[in-house]
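Colleague: What follows is my_file30.txt, compact mmCIF, C-alpha atoms and all ligand atoms.
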```
# COMPACT_ATOMS: atom_id res chain seq x y z
CA MET A 14 -7.12 9.17 -21.82
CA LYS A 15 -4.57 7.14 -19.91
CA GLY A 16 -5.43 5.96 -16.42
CA ILE A 17 -3.14 6.83 -13.52
CA PHE A 18 -2.22 4.32 -10.84
CA ILE A 19 -1.39 5.82 -7.43
CA THR A 20 -0.52 3.73 -4.38
CA LEU A 21 -0.20 4.61 -0.70
CA GLU A 22 2.46 2.70 1.20
CA GLY A 23 4.06 2.62 4.61
CA PRO A 24 4.31 0.75 7.88
CA ASP A 25 1.26 -0.05 10.02
CA GLY A 26 0.10 3.07 11.84
CA SER A 27 1.61 5.57 9.39
CA GLY A 28 -1.78 7.21 8.74
CA LYS A 29 -2.44 5.98 5.19
CA SER A 30 -6.13 5.28 5.79
CA THR A 31 -6.81 8.78 7.12
CA ILE A 32 -5.18 10.38 4.08
CA MET A 33 -6.92 7.91 1.76
CA LYS A 34 -10.30 9.14 3.10
CA LYS A 35 -9.31 12.77 2.58
CA LEU A 36 -8.05 12.06 -0.95
CA THR A 37 -11.34 10.35 -1.75
CA HIS A 38 -13.24 13.50 -0.73
CA TYR A 39 -10.81 15.65 -2.66
CA PHE A 40 -11.28 13.68 -5.90
CA LYS A 41 -15.06 13.64 -5.46
CA ASP A 42 -15.16 17.40 -4.89
CA LYS A 43 -13.10 17.98 -8.03
CA ASN A 44 -15.31 15.62 -10.09
CA ILE A 45 -12.31 13.49 -11.00
CA ASP A 46 -13.11 10.01 -12.29
CA PHE A 47 -11.39 7.65 -9.83
CA ILE A 48 -11.73 4.50 -7.80
CA GLY A 49 -10.43 4.01 -4.24
CA THR A 50 -9.40 0.51 -3.25
CA ARG A 51 -7.10 -1.44 -0.95
CA GLU A 52 -4.91 -4.49 -0.50
CA PRO A 53 -5.14 -7.16 0.58
CA GLY A 54 -8.73 -7.14 -0.70
CA GLY A 55 -10.43 -4.77 -3.09
CA THR A 56 -12.55 -7.52 -4.71
CA GLU A 57 -14.95 -10.05 -3.21
CA ILE A 58 -12.42 -12.85 -3.64
CA GLY A 59 -9.62 -10.61 -2.40
CA GLU A 60 -11.58 -9.65 0.74
CA ASP A 61 -12.11 -13.36 1.48
CA ILE A 62 -8.37 -13.90 1.11
CA ARG A 63 -7.76 -10.88 3.37
CA ASN A 64 -9.87 -12.46 6.11
CA ILE A 65 -7.82 -15.66 5.95
CA ILE A 66 -4.50 -13.81 6.01
CA LEU A 67 -5.36 -11.51 8.91
CA ASP A 68 -7.33 -13.99 11.03
CA LYS A 69 -5.56 -14.34 14.39
CA LYS A 70 -6.51 -18.01 14.56
CA ASN A 71 -4.22 -18.80 11.59
CA LYS A 72 -1.14 -18.85 13.78
CA ASN A 73 0.40 -21.72 11.80
CA MET A 74 0.42 -19.95 8.47
CA ALA A 75 3.78 -20.48 6.74
CA ALA A 76 5.53 -17.37 5.43
CA GLU A 77 5.37 -18.83 1.91
CA THR A 78 1.60 -19.35 2.18
CA GLU A 79 1.20 -15.79 3.42
CA ALA A 80 3.24 -14.38 0.51
CA LEU A 81 1.26 -16.42 -2.03
CA LEU A 82 -2.07 -15.34 -0.54
CA TYR A 83 -1.12 -11.66 -0.76
CA ALA A 84 -0.03 -12.24 -4.37
CA ALA A 85 -3.27 -14.14 -5.11
CA SER A 86 -5.39 -11.30 -3.73
CA ARG A 87 -3.32 -8.86 -5.82
CA GLY A 88 -3.65 -10.95 -8.98
CA GLN A 89 -7.43 -10.94 -8.65
CA HIS A 90 -7.46 -7.24 -7.83
CA VAL A 91 -5.34 -6.28 -10.86
CA HIS A 92 -7.33 -8.40 -13.32
CA GLU A 93 -10.82 -7.69 -11.98
CA LYS A 94 -10.57 -4.08 -10.89
CA ILE A 95 -7.32 -2.16 -11.39
CA LEU A 96 -6.59 -2.86 -15.07
CA PRO A 97 -10.18 -2.36 -16.24
CA ALA A 98 -10.33 0.99 -14.40
CA LEU A 99 -7.00 2.13 -15.87
CA LYS A 100 -8.15 1.10 -19.34
CA MET A 101 -11.20 3.31 -18.86
CA GLY A 102 -8.86 6.23 -18.12
CA LYS A 103 -9.66 6.41 -14.40
CA ILE A 104 -7.35 7.30 -11.57
CA VAL A 105 -6.84 4.29 -9.30
CA LEU A 106 -6.01 5.14 -5.72
CA CYS A 107 -4.89 2.01 -3.88
CA GLU A 108 -3.89 1.55 -0.26
CA ARG A 109 -0.85 -0.77 -0.38
CA PHE A 110 0.48 -2.75 -3.34
CA ILE A 111 3.52 -4.84 -4.25
CA LEU A 112 5.95 -2.74 -2.15
CA SER A 113 4.13 -3.99 0.97
CA SER A 114 4.80 -7.60 -0.02
CA LEU A 115 8.47 -6.86 -0.69
CA ALA A 116 8.85 -5.19 2.73
CA TYR A 117 6.62 -7.45 4.89
CA GLN A 118 7.14 -10.86 3.27
CA GLY A 119 10.43 -10.26 1.44
CA VAL A 120 12.27 -8.63 4.34
CA GLY A 121 10.03 -8.95 7.44
CA ARG A 122 9.47 -12.69 6.92
CA GLY A 123 12.91 -13.12 5.38
CA LEU A 124 11.68 -14.71 2.13
CA GLY A 125 13.88 -12.45 -0.01
CA ILE A 126 12.92 -9.39 -2.05
CA GLU A 127 13.61 -11.05 -5.42
CA GLU A 128 11.70 -14.23 -4.55
CA VAL A 129 8.62 -12.25 -3.50
CA ARG A 130 8.93 -10.02 -6.54
CA MET A 131 8.90 -13.09 -8.79
CA ILE A 132 5.64 -14.53 -7.47
CA ASN A 133 4.05 -11.09 -7.71
CA ASP A 134 5.25 -10.54 -11.26
CA PHE A 135 3.57 -13.81 -12.16
CA ALA A 136 0.34 -12.67 -10.49
CA ILE A 137 0.15 -9.14 -11.85
CA LYS A 138 1.96 -9.28 -15.18
CA GLY A 139 4.28 -6.38 -14.49
CA ILE A 140 1.84 -3.55 -13.76
CA ARG A 141 3.56 -0.78 -11.76
CA PRO A 142 2.26 2.36 -10.04
CA ASP A 143 2.75 5.73 -11.75
CA LEU A 144 3.18 7.23 -8.28
CA THR A 145 3.72 5.73 -4.84
CA LEU A 146 3.31 7.93 -1.79
CA PHE A 147 5.39 6.47 1.01
CA PHE A 148 4.22 7.56 4.47
CA HIS A 149 7.32 7.72 6.58
CA VAL A 150 7.16 7.62 10.37
CA ASP A 151 9.78 6.59 12.87
CA PRO A 152 8.69 3.08 13.95
CA SER A 153 9.23 3.91 17.62
CA LEU A 154 6.32 6.37 17.33
CA THR A 155 3.75 3.81 16.14
CA LEU A 156 4.83 0.30 17.04
CA ASP A 157 3.95 0.13 20.70
CA ARG A 158 0.47 1.46 20.10
CA LYS A 159 -0.27 -0.87 17.15
CA THR A 160 1.28 -4.13 18.30
CA LYS A 161 -0.19 -3.96 21.81
CA ARG A 162 -3.76 -3.28 20.69
CA ASN A 163 -5.97 -6.16 21.77
CA GLU A 164 -8.10 -6.01 18.66
CA GLY A 165 -5.04 -5.96 16.35
CA ASP A 166 -5.04 -8.44 13.42
CA ARG A 167 -2.54 -11.29 12.87
CA LEU A 168 0.04 -9.03 11.21
CA GLU A 169 -0.35 -6.15 13.66
CA LYS A 170 0.13 -8.57 16.52
CA GLU A 171 3.52 -9.70 15.25
CA GLY A 172 6.20 -8.49 17.64
CA THR A 173 8.09 -5.23 17.52
CA GLU A 174 11.12 -6.99 16.00
CA PHE A 175 9.08 -8.07 12.96
CA HIS A 176 7.78 -4.55 12.40
CA LYS A 177 11.28 -3.10 12.80
CA GLU A 178 12.46 -5.49 10.08
CA VAL A 179 9.57 -4.37 7.86
CA TYR A 180 10.62 -0.76 8.40
CA ARG A 181 14.23 -1.65 7.57
CA GLY A 182 12.92 -3.41 4.47
CA TYR A 183 11.06 -0.32 3.34
CA MET A 184 14.18 1.80 3.81
CA GLU A 185 16.17 -0.66 1.67
CA LEU A 186 13.46 -0.69 -1.00
CA LEU A 187 13.29 3.11 -1.17
CA LYS A 188 17.00 3.12 -2.01
CA LYS A 189 16.71 0.21 -4.42
CA TYR A 190 13.62 1.40 -6.32
CA PRO A 191 13.37 5.18 -5.88
CA GLU A 192 11.60 5.58 -9.23
CA ASN A 193 8.06 6.99 -8.88
CA ILE A 194 8.21 6.85 -5.06
CA LYS A 195 7.73 10.08 -3.11
CA ILE A 196 8.43 10.17 0.60
CA ILE A 197 5.86 11.91 2.76
CA ASP A 198 6.78 13.07 6.26
CA ALA A 199 3.87 11.40 8.06
CA SER A 200 4.91 12.67 11.48
CA LYS A 201 3.38 16.06 10.60
CA THR A 202 -0.25 17.12 11.18
CA ILE A 203 -2.96 15.47 9.06
CA GLU A 204 -3.42 18.69 7.08
CA GLU A 205 0.29 18.94 6.32
CA VAL A 206 0.52 15.26 5.33
CA PHE A 207 -2.52 15.69 3.09
CA ASN A 208 -1.02 18.79 1.44
CA GLN A 209 2.28 17.00 0.76
CA SER A 210 0.32 14.14 -0.83
CA ILE A 211 -1.80 16.43 -3.02
CA CYS A 212 1.27 18.29 -4.18
CA HIS A 213 2.80 15.07 -5.61
CA ILE A 214 -0.50 13.88 -7.09
CA GLU A 215 -1.08 17.20 -8.85
CA LYS A 216 2.40 17.06 -10.38
CA VAL A 217 1.68 13.62 -11.85
CA LEU A 218 -1.71 14.73 -13.15
CA LYS A 219 -0.13 17.78 -14.74
CA ASN A 220 2.68 15.74 -16.34
CA GLN A 221 0.43 13.03 -17.67
CA ARG A 222 -2.65 15.00 -18.60
CA GLY A 223 -1.48 18.56 -18.73
CA VAL A 224 -4.23 19.62 -16.32
CA ILE A 225 -4.08 21.61 -13.14
CA VAL A 226 -6.82 20.39 -10.80
P1 LIG B 301 -3.82 -2.85 6.27
O1 LIG B 301 -3.96 -2.92 7.76
O2 LIG B 301 -2.97 -1.73 5.80
O3 LIG B 301 -5.13 -2.96 5.55
O4 LIG B 301 -3.00 -4.17 5.82
C1 LIG B 301 -3.14 -5.37 6.45
C2 LIG B 301 -1.82 -5.92 6.86
O5 LIG B 301 -1.26 -6.69 5.80
C3 LIG B 301 -0.76 -4.90 7.27
O6 LIG B 301 -0.18 -5.34 8.49
C4 LIG B 301 0.26 -4.97 6.17
C5 LIG B 301 0.12 -6.38 5.66
N1 LIG B 301 0.51 -6.59 4.27
C6 LIG B 301 1.53 -7.48 3.96
O7 LIG B 301 2.16 -8.04 4.86
N2 LIG B 301 1.82 -7.72 2.65
C7 LIG B 301 1.12 -7.15 1.63
O8 LIG B 301 1.42 -7.40 0.45
C8 LIG B 301 0.04 -6.24 1.96
C9 LIG B 301 -0.75 -5.61 0.87
C10 LIG B 301 -0.23 -5.99 3.28
```
Have the structure of the file written as C-alpha cells, please.

Modeller:
Amino acid sequence: MKGIFITLEGPDGSGKSTIMKKLTHYFKDKNIDFIGTREPGGTEIGEDIRNIILDKKNKNMAAETEALLYAASRGQHVHEKILPALKMGKIVLCERFILSSLAYQGVGRGLGIEEVRMINDFAIKGIRPDLTLFFHVDPSLTLDRKTKRNEGDRLEKEGTEFHKEVYRGYMELLKKYPENIKIIDASKTIEEVFNQSICHIEKVLKNQRGVIV
C-alpha cells in the first residue's frame, strides 16, 4: 500500500496546531496507521536545528543561514522519518513543509522562491505532498497577537511587515502551485475548520486507496 503525505501550512497563528491535534485523535480513533510530525524538527537532529533557528538570541542569523538550516532540518526529516514511513504505507501528517520555506525565506526574507526551492530540492530529492491543507486567515486577525507576545520565538517576533510579506508570499505561491493544495477557511470555528480538513483528507484517501474512512 502506498503511503500518503499530507502537510498543514499557513501563517503563524492560523490554527494549524489545534487542527493537527484533532486530526491525530481522528486517525487514532479510526485505527489508521499514521505518524504526526512537524517542521522545523521532527527528528532529534531536526529539533536541535529548530532550537538554533528559533532562539531569540540568534539575532545575527543571516537569511541564507536560516534558509539552509530549515532545509537541513527538512533533509534529515525526509530521510530519517518521512520516506521510511511512506515506504511502509503509512499516512504522514506533517505541520509545515517546503511551502513554508518558499513563503518565509523565499518571499519574507527576499531570498527568491526559485533559490529557496533549489536548496530544498537538493535536501529532499523532490518529495512532494499528496495533499497540502492551507489554513487561510486574514493576517490582520492574527499578527498583532502573535508578534507582540513576549514569549514569542525569533520568527514570531519579526515585525508585522515581515509577516505581511510572508502572507503575500503564500498568496503568490497558491497561484503559482495550486496543484494538491486545498484552501481552508481558518477564520471559522474549530469544528468547521476541522470538518473542512477531514473532507479533503477523506477525498484523497478514497482516490488513492478506494476506502471511505
Ligand atoms: P511553528 O511555530 O509553526 O512550529 O514554526 C516555527 C516558525 O518557523 C514559524 O514562524 C514558521 C517558520 N518557518 C520558516 O520560516 N520556514 C520553514 O521552512 C518552516 C518549516 C517554518

Colleague: Using all atoms listed in the file, what table do you get, as a Markdown table, when you list each residue of chain A with an atom no more than 9 Å from ligand LIG 301 (chain B), its nearest pair of atoms, and their distance in Å rounded to one decimal, rows by chain then rising number?

Modeller:
```
| residue | atom | partner | partner_atom | distance |
| --- | --- | --- | --- | --- |
| A:Glu22 | CA | B:LIG301 | O2 | 8.4 |
| A:Gly23 | CA | B:LIG301 | O2 | 8.4 |
| A:Pro24 | CA | B:LIG301 | C4 | 7.2 |
| A:Asp25 | CA | B:LIG301 | O6 | 5.7 |
| A:Gly26 | CA | B:LIG301 | O2 | 8.3 |
| A:Lys29 | CA | B:LIG301 | O2 | 7.8 |
| A:Ser30 | CA | B:LIG301 | O2 | 7.7 |
| A:Arg51 | CA | B:LIG301 | O3 | 7.0 |
| A:Glu52 | CA | B:LIG301 | C9 | 4.5 |
| A:Pro53 | CA | B:LIG301 | C9 | 4.7 |
| A:Gly54 | CA | B:LIG301 | C9 | 8.3 |
| A:Arg63 | CA | B:LIG301 | C1 | 7.8 |
| A:Ile66 | CA | B:LIG301 | O5 | 7.8 |
| A:Leu67 | CA | B:LIG301 | C2 | 6.9 |
| A:Glu79 | CA | B:LIG301 | O7 | 7.9 |
| A:Ala80 | CA | B:LIG301 | N2 | 7.1 |
| A:Leu82 | CA | B:LIG301 | O8 | 8.7 |
| A:Tyr83 | CA | B:LIG301 | O8 | 5.1 |
| A:Ala84 | CA | B:LIG301 | O8 | 7.0 |
| A:Ser86 | CA | B:LIG301 | C9 | 8.7 |
| A:Arg87 | CA | B:LIG301 | C9 | 7.9 |
| A:Glu108 | CA | B:LIG301 | O2 | 7.0 |
| A:Arg109 | CA | B:LIG301 | C9 | 5.0 |
| A:Phe110 | CA | B:LIG301 | C9 | 5.2 |
| A:Ile111 | CA | B:LIG301 | O8 | 5.7 |
| A:Leu112 | CA | B:LIG301 | O8 | 7.0 |
| A:Ser113 | CA | B:LIG301 | O8 | 4.4 |
| A:Ser114 | CA | B:LIG301 | O8 | 3.4 |
| A:Leu115 | CA | B:LIG301 | O8 | 7.2 |
| A:Ala116 | CA | B:LIG301 | N2 | 7.5 |
| A:Tyr117 | CA | B:LIG301 | O7 | 4.5 |
| A:Gln118 | CA | B:LIG301 | O7 | 5.9 |
| A:Gly121 | CA | B:LIG301 | O7 | 8.3 |
| A:Arg122 | CA | B:LIG301 | O7 | 8.9 |
| A:Asp166 | CA | B:LIG301 | O6 | 7.6 |
| A:Arg167 | CA | B:LIG301 | O6 | 7.8 |
| A:Leu168 | CA | B:LIG301 | O6 | 4.6 |
| A:Glu169 | CA | B:LIG301 | O6 | 5.2 |
| A:Lys170 | CA | B:LIG301 | O6 | 8.7 |
| A:Glu171 | CA | B:LIG301 | O6 | 8.9 |
| A:His176 | CA | B:LIG301 | O6 | 8.9 |
| A:Val179 | CA | B:LIG301 | O7 | 8.8 |
```

Colleague: Please identify all polymer residues within 7 Å of Asn193 (chain A), counting all atoms listed in the file, omitting same-chain residues fewer than 3 positions from it, and present them as a PDB file with C-alpha atoms, in the frame of the given file.

Modeller:
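Everything below was put into around-v7.pdb:
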```
ATOM      1  CA  ASP A 143       2.750   5.730 -11.750  1.00  0.00           C
ATOM      2  CA  LEU A 144       3.180   7.230  -8.280  1.00  0.00           C
ATOM      3  CA  THR A 145       3.720   5.730  -4.840  1.00  0.00           C
TER       4      THR A 145
END
```

Colleague: Which residues, written as a list in words, have at least one atom at most 12 Å from Asp151 (chain A), with all atoms listed in the file counted and residues fewer than 2 positions away on the same chain left out?

Modeller: Gly23, Pro24, Asp25, Gly26, Ser27, Phe148, His149, Ser153, Leu154, Thr155, Leu156, Asp157, His176, Lys177, Tyr180, Arg181, Tyr183, Met184, Asp198, Ala199, Ser200 and Lys201 of chain A

Colleague: Using all atoms listed in the file, which of A:Cys212, A:Ile95, A:Leu186, A:Val150 sits nearest Thr20 (chain A)?

Modeller: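 Closest candidate: A:Ile95.
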
Colleague: Nearest residue to Gly125 (chain A) out of A:Gly165, A:Asn208, A:Phe40, A:Gly182, using all atoms listed in the file?

Modeller: A:Gly182

Colleague: Please report the interatomic distance between CA of Phe147 (chain A) and CA of Leu36 (chain A) in Å with one decimal.

Modeller: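 Pair CA of Phe147 (chain A) / CA of Leu36 (chain A) returns 14.7 Å.
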
Colleague: CA of Lys70 (chain A) and CA of Thr56 (chain A), how far apart in Å?

Modeller: 22.8 Å

Colleague: Provide the CA of Pro152 (chain A) to CA of Val120 (chain A) distance in Å, to one decimal place.

Modeller: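 Taking CA of Pro152 (chain A) as the start and CA of Val120 (chain A) as the end point, the length is 15.6 Å.
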
Colleague: Need the shell around Glu57 (chain A): protein/DNA/RNA residues with any atom at most 10 Å away, counting all atoms listed in the file. Skip same-chain ones fewer than 2 positions apart. Format as a list in words?

Modeller: Gly54, Gly55, Gly59, Glu60, Asp61, Ile62, Arg63, Ser86, Gln89, His90 and Glu93 of chain A

Colleague: Would you mind exporting C-alpha atoms of the selected residues as a PDB file, in the frame of the given file?

Modeller:
```
ATOM      1  CA  GLY A  54      -8.730  -7.140  -0.700  1.00  0.00           C
ATOM      2  CA  GLY A  55     -10.430  -4.770  -3.090  1.00  0.00           C
ATOM      3  CA  GLY A  59      -9.620 -10.610  -2.400  1.00  0.00           C
ATOM      4  CA  GLU A  60     -11.580  -9.650   0.740  1.00  0.00           C
ATOM      5  CA  ASP A  61     -12.110 -13.360   1.480  1.00  0.00           C
ATOM      6  CA  ILE A  62      -8.370 -13.900   1.110  1.00  0.00           C
ATOM      7  CA  ARG A  63      -7.760 -10.880   3.370  1.00  0.00           C
ATOM      8  CA  SER A  86      -5.390 -11.300  -3.730  1.00  0.00           C
ATOM      9  CA  GLN A  89      -7.430 -10.940  -8.650  1.00  0.00           C
ATOM     10  CA  HIS A  90      -7.460  -7.240  -7.830  1.00  0.00           C
ATOM     11  CA  GLU A  93     -10.820  -7.690 -11.980  1.00  0.00           C
TER      12      GLU A  93
END
```

Colleague: Using 5 Å of padding on each side, determine the axis-aligned box around all atoms of region 208-216 of chain A present in the file and give its centre and edge lengths in Å to one decimal, as lines of an AutoDock Vina configuration file.

Modeller:
```
center_x = 0.5
center_y = 16.3
center_z = -4.5
size_x = 14.6
size_y = 14.9
size_z = 21.8
```

Colleague: Measuring atom to atom with only C-alpha atoms, identify which of A:Leu146, A:Gly123, A:His92, A:Met33 is nearest to Glu178 (chain A).

Modeller: A:Gly123

Colleague: Applying 12 Å and all atoms listed in the file, which residues near Ile211 (chain A) remain after dropping the ones on its own chain fewer than 2 positions away? List them as a ChimeraX atom specification.

Modeller: /A:19,32-33,35-37,39-40,144,146,195,197,204-209,213-219,225-226

Colleague: Starting from the block above, write region 206-217 of chain A out to a file with all heavy atoms, as a compact mmCIF listing (two decimals), in the first residue's frame, please.

Modeller:
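So selection34.txt came out as:
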```
# COMPACT_ATOMS: atom_id res chain seq x y z
N VAL A 206 -13.46 24.23 10.83
CA VAL A 206 -12.14 24.11 10.18
C VAL A 206 -11.74 22.64 10.13
O VAL A 206 -11.23 22.15 9.12
CB VAL A 206 -11.09 24.96 10.95
CG1 VAL A 206 -9.70 24.74 10.39
CG2 VAL A 206 -11.45 26.43 10.89
N PHE A 207 -12.00 21.93 11.23
CA PHE A 207 -11.68 20.51 11.28
C PHE A 207 -12.47 19.74 10.21
O PHE A 207 -11.92 18.92 9.48
CB PHE A 207 -11.98 19.97 12.69
CG PHE A 207 -11.79 18.49 12.82
CD1 PHE A 207 -10.52 17.94 12.74
CD2 PHE A 207 -12.87 17.64 13.01
CE1 PHE A 207 -10.32 16.56 12.85
CE2 PHE A 207 -12.69 16.27 13.12
CZ PHE A 207 -11.41 15.73 13.04
N ASN A 208 -13.77 20.05 10.11
CA ASN A 208 -14.60 19.34 9.13
C ASN A 208 -14.15 19.60 7.69
O ASN A 208 -14.13 18.69 6.87
CB ASN A 208 -16.08 19.73 9.29
CG ASN A 208 -16.65 19.10 10.55
OD1 ASN A 208 -16.14 18.10 11.04
ND2 ASN A 208 -17.71 19.72 11.09
N GLN A 209 -13.77 20.85 7.41
CA GLN A 209 -13.25 21.16 6.06
C GLN A 209 -11.99 20.31 5.80
O GLN A 209 -11.81 19.76 4.71
CB GLN A 209 -12.81 22.62 5.96
CG GLN A 209 -13.92 23.66 5.97
CD GLN A 209 -13.32 25.08 5.91
OE1 GLN A 209 -12.58 25.41 5.00
NE2 GLN A 209 -13.62 25.91 6.90
N SER A 210 -11.13 20.21 6.81
CA SER A 210 -9.87 19.46 6.65
C SER A 210 -10.15 17.99 6.38
O SER A 210 -9.59 17.39 5.46
CB SER A 210 -9.00 19.59 7.91
OG SER A 210 -8.84 20.94 8.25
N ILE A 211 -11.03 17.41 7.19
CA ILE A 211 -11.36 15.98 7.06
C ILE A 211 -11.96 15.67 5.69
O ILE A 211 -11.66 14.66 5.07
CB ILE A 211 -12.35 15.57 8.19
CG1 ILE A 211 -11.59 15.43 9.49
CG2 ILE A 211 -13.08 14.28 7.86
CD1 ILE A 211 -10.55 14.33 9.48
N CYS A 212 -12.77 16.59 5.22
CA CYS A 212 -13.42 16.41 3.93
C CYS A 212 -12.36 16.22 2.83
O CYS A 212 -12.45 15.29 2.01
CB CYS A 212 -14.26 17.66 3.69
SG CYS A 212 -15.33 17.54 2.33
N HIS A 213 -11.32 17.07 2.83
CA HIS A 213 -10.26 16.95 1.82
C HIS A 213 -9.43 15.68 2.03
O HIS A 213 -9.06 15.01 1.07
CB HIS A 213 -9.34 18.18 1.86
CG HIS A 213 -10.02 19.43 1.38
ND1 HIS A 213 -10.55 19.54 0.12
CD2 HIS A 213 -10.28 20.60 2.00
CE1 HIS A 213 -11.10 20.74 -0.03
NE2 HIS A 213 -10.96 21.40 1.09
N ILE A 214 -9.15 15.37 3.28
CA ILE A 214 -8.33 14.18 3.56
C ILE A 214 -9.07 12.92 3.10
O ILE A 214 -8.49 12.03 2.48
CB ILE A 214 -7.98 14.12 5.06
CG1 ILE A 214 -6.99 15.24 5.40
CG2 ILE A 214 -7.39 12.76 5.45
CD1 ILE A 214 -6.67 15.39 6.87
N GLU A 215 -10.37 12.87 3.39
CA GLU A 215 -11.13 11.67 3.01
C GLU A 215 -11.17 11.49 1.50
O GLU A 215 -11.11 10.37 1.00
CB GLU A 215 -12.55 11.73 3.61
CG GLU A 215 -12.49 11.46 5.11
CD GLU A 215 -13.85 11.41 5.77
OE1 GLU A 215 -14.84 11.85 5.15
OE2 GLU A 215 -13.92 10.94 6.93
N LYS A 216 -11.24 12.61 0.77
CA LYS A 216 -11.24 12.52 -0.70
C LYS A 216 -9.94 11.90 -1.19
O LYS A 216 -9.94 11.03 -2.06
CB LYS A 216 -11.39 13.91 -1.31
CG LYS A 216 -12.83 14.29 -1.55
CD LYS A 216 -12.94 15.55 -2.38
CE LYS A 216 -14.28 16.19 -2.11
NZ LYS A 216 -14.24 17.62 -1.99
N VAL A 217 -8.82 12.33 -0.61
CA VAL A 217 -7.52 11.79 -1.04
C VAL A 217 -7.42 10.31 -0.69
O VAL A 217 -6.97 9.49 -1.50
CB VAL A 217 -6.35 12.60 -0.40
CG1 VAL A 217 -5.02 11.92 -0.62
CG2 VAL A 217 -6.31 14.00 -0.98
```
